[in-house]
Amino acid sequence: MSYPEIRPRRLRRTAAMRRLVSETRVDPAELVVPMFVKEGLTEPRAVASLPGVLQHSRDSLRKAAVEAVQAGVGGIMLFGVPASRDEIGSGGIDPDGILNVAIRDVIAEIGDATVVMSDLCLDEFTSHGHCGVLTPDGAVDNDATLAAYARMAVAQADAGVHVVGPSGMMDGQVGVVRRALDAAGHQDVSVLAYAVKYASAFFGPFRDAVESALDGDRRTYQQDPANLRESLREVELDVAEGADLVMVKPALPYLDVVAAVRAAVDVPVAAYQVSGEYAMVEAAAANGWIDRERTIMETLTSIRRAGAQIILTYWAVEAAQLLRQRY
Ligand code: PBG
């Protein structure tokens, strides 16, 4: 019988030892919470496929923003759900559109206490649900959409947002948004590029949360899940166009992509743990099939370990609270 000379288990013996040698920590300051606000609501409303996530009223959004600040999260990402939609998504550009109004509300409430971000995309505002405007034959018109994004970026910056998040996957969107912001005197507003965004089935519950009108899919603009090198090209283009931060989305099924992007660029890398990732865990936990809190923390740690410095997650506020209790 020979005994091992080297015993990795020594460093796993106690909780204190494990804490000492832990290579990855999740910090509340790196978590960003997505929030939905719906025009015309007087009371917040639950989203069936995202248990625990709300469609906020303007009022409840302000309160939730304060709660997020108190929990110590690093940021809030705002999504608007308009009461009505049109072909060209005018509600996204209108200063009185729900998202722009919500940005003003949140900034008035919390100022610079956390980073306020906004989704910069037309899909919540178009009657057809696509992320851009359409040509007469129904294709998504890249360059006409860019003009709309430029105006939307300026409207969001005028409303006081700190970071805009172009998420429509139109070619050239980061450069156009950057130039539009600069031309309007908003040099200080940052661009978080959804540089890498896959045409993912994991976005399903989000589309319930924003009551998406989409019939069909986004495969002509979002990426094929089969591709990795294409993501590096997307990231390289976005950084060249002026992205301050880049994001990979979804997160958990694409950790190889997160790691490759982290290795390829020196701007901060974010990952978006999307609605379907959240819903899967919540559903399994509700059935008693997995330990909810441990699973949440394990997913966040894994996304962090893969190289994401910032994580967008619907669990951000709860996870921040749990992390504070623990340390
Ligand atoms: C587009 C957008 C989507 C998500 C974030 N921004 C939906 C889509 O591309 O279909 C999905 C986020 C999630 O699933 O949690 N505005």
# chains A, B, ... in the order shown; residues from 1 in each chain; ligands from 1
call {"tool": "residues_near_ligand", "arguments": {"ligand": "ligand 1", "cutoff": "10 Å", "atoms": "only C-alpha atoms and all ligand atoms", "output": "MDAnalysis selection string"}}
result
chainID A and resid 34 50 77:80 118:125 129:131 165:169 194 197:210 212 214 217:218 221:222 249:250 272:279 312:314
call {"tool": "write_last_selection", "arguments": {"atoms": "C-alpha atoms", "output": "short mmCIF file (atom, residue, chain, number, x, y, z; two decimals), in the first residue's frame"}}
result
data_model
loop_
_atom_site.label_atom_id
_atom_site.label_comp_id
_atom_site.auth_asym_id
_atom_site.auth_seq_id
_atom_site.Cartn_x
_atom_site.Cartn_y
_atom_site.Cartn_z
CA PRO A 34 -32.24 44.13 -14.92
CA LEU A 50 -39.81 34.70 -14.15
CA MET A 77 -30.29 47.84 -16.37
CA LEU A 78 -33.66 49.29 -17.36
CA PHE A 79 -36.12 47.87 -19.88
CA GLY A 80 -39.36 49.63 -20.84
CA SER A 118 -30.63 51.31 -20.34
CA ASP A 119 -31.37 48.79 -23.04
CA LEU A 120 -30.94 50.46 -26.40
CA CYS A 121 -33.04 48.42 -28.78
CA LEU A 122 -36.29 48.80 -30.66
CA ASP A 123 -37.83 45.39 -29.97
CA GLU A 124 -39.85 46.49 -26.97
CA PHE A 125 -41.27 49.37 -28.99
CA GLY A 129 -41.20 42.86 -32.21
CA HIS A 130 -37.98 43.04 -34.22
CA CYS A 131 -34.96 44.91 -32.92
CA GLY A 165 -26.57 49.18 -23.87
CA PRO A 166 -27.10 48.73 -27.61
CA SER A 167 -28.47 45.18 -27.83
CA GLY A 168 -29.94 44.93 -31.33
CA MET A 169 -26.92 43.34 -33.05
CA TYR A 194 -23.95 43.64 -26.37
CA LYS A 197 -25.44 37.97 -28.50
CA TYR A 198 -26.65 34.61 -29.64
CA ALA A 199 -30.04 33.82 -31.19
CA SER A 200 -30.95 31.96 -28.03
CA ALA A 201 -33.93 29.99 -26.84
CA PHE A 202 -32.94 31.13 -23.35
CA PHE A 203 -34.54 34.56 -23.98
CA GLY A 204 -38.04 33.05 -23.82
CA PRO A 205 -39.21 34.34 -20.42
CA PHE A 206 -37.82 37.82 -21.14
CA ARG A 207 -40.16 38.04 -24.08
CA ASP A 208 -43.04 37.45 -21.66
CA ALA A 209 -41.68 40.15 -19.36
CA VAL A 210 -41.68 42.71 -22.18
CA SER A 212 -42.86 40.85 -27.04
CA LEU A 214 -42.23 38.88 -32.09
CA ASP A 217 -36.86 34.65 -34.66
CA ARG A 218 -33.82 36.93 -34.73
CA TYR A 221 -29.02 39.51 -36.71
CA GLN A 222 -28.25 37.54 -33.52
CA LYS A 249 -25.11 36.85 -23.67
CA PRO A 250 -26.41 34.35 -22.57
CA TYR A 272 -25.79 38.43 -19.00
CA GLN A 273 -27.32 35.54 -17.13
CA VAL A 274 -30.55 35.66 -19.08
CA SER A 275 -34.17 34.96 -18.29
CA GLY A 276 -34.15 31.30 -19.34
CA GLU A 277 -31.12 30.58 -17.16
CA TYR A 278 -32.96 32.11 -14.22
CA ALA A 279 -36.25 30.36 -14.97
CA LEU A 312 -26.19 40.95 -15.19
CA THR A 313 -28.53 38.71 -13.25
CA TYR A 314 -32.13 38.80 -12.07
#
call {"tool": "residues_around", "arguments": {"residues": "Glu230 of chain A", "least_positions_apart": "2", "cutoff": "12 Å", "atoms": "only C-alpha atoms", "output": "list in words"}}
result
Ala195, Val196, Lys197, Tyr198, Gln222, Gln223, Asp224, Pro225, Ala226, Asn227, Leu228, Leu232, Arg233, Glu234, Val235, Glu236, Leu237, Val257, Ala260 and Val261 of chain A
call {"tool": "closest_residue", "arguments": {"among": "A:Val281, A:Ala308, A:Ile290, A:Ala16", "to": "Ser49 of chain A", "atoms": "only C-alpha atoms"}}
result
A:Val281
call {"tool": "residues_around", "arguments": {"residues": "Asp158 of chain A", "least_positions_apart": "6", "cutoff": "12 Å", "atoms": "only C-alpha atoms", "output": "MDAnalysis selection string"}}
result
chainID A and resid 93:96 100:101 103:104 107 151:152 164 180:181 184:189
call {"tool": "closest_residue", "arguments": {"among": "A:Asp137, A:Thr301, A:Ala306, A:Ala284", "to": "Arg25 of chain A", "atoms": "only C-alpha atoms"}}
result
A:Thr301
call {"tool": "select_by_dssp", "arguments": {"residues": "segment 16-49 of chain A", "states": "alpha helix (DSSP H)", "output": "list of chain:residue names"}}
result
A:Ala16, A:Met17, A:Arg18, A:Arg19, A:Leu20, A:Val21
call {"tool": "closest_atom_pairs", "arguments": {"of": "segment 232-318 of chain A", "to": "segment 172-175 of chain A", "cutoff": "8 Å", "atoms": "only C-alpha atoms", "output": "JSON lines"}}
result
{"residue": "A:Asp238", "atom": "CA", "partner": "A:Val174", "partner_atom": "CA", "distance": 6.1}
{"residue": "A:Glu241", "atom": "CA", "partner": "A:Gly175", "partner_atom": "CA", "distance": 4.5}
{"residue": "A:Gly242", "atom": "CA", "partner": "A:Gly175", "partner_atom": "CA", "distance": 6.3}
{"residue": "A:Ala243", "atom": "CA", "partner": "A:Val174", "partner_atom": "CA", "distance": 6.4}
call {"tool": "closest_residue", "arguments": {"among": "A:Gly216, A:Gly160, A:Pro44, A:Pro28", "to": "Ala108 of chain A", "atoms": "only C-alpha atoms"}}
result
A:Gly160
call {"tool": "atom_distance", "arguments": {"atom1": "atom CA of Val317 of chain A", "atom2": "atom CA of Phe36 of chain A"}}
result
14.4 Å
call {"tool": "atom_distance", "arguments": {"atom1": "atom CA of Gly92 of chain A", "atom2": "atom CA of Val161 of chain A"}}
result
13.9 Å
call {"tool": "closest_residue", "arguments": {"among": "A:Ala65, A:Val133, A:Ala213, A:Met247", "to": "Gly89 of chain A", "atoms": "only C-alpha atoms"}}
result
A:Val133
call {"tool": "atom_distance", "arguments": {"atom1": "atom CA of Ala263 of chain A", "atom2": "atom CA of Asp171 of chain A"}}
result
23.0 Å
call {"tool": "closest_residue", "arguments": {"among": "A:Arg305, A:Arg12, A:His56, A:Arg178", "to": "Ala240 of chain A", "atoms": "only C-alpha atoms"}}
result
A:Arg178
call {"tool": "closest_residue", "arguments": {"among": "A:Asp291, A:Asp215, A:Asp266, A:Glu282", "to": "Gly307 of chain A", "atoms": "only C-alpha atoms"}}
result
A:Asp266
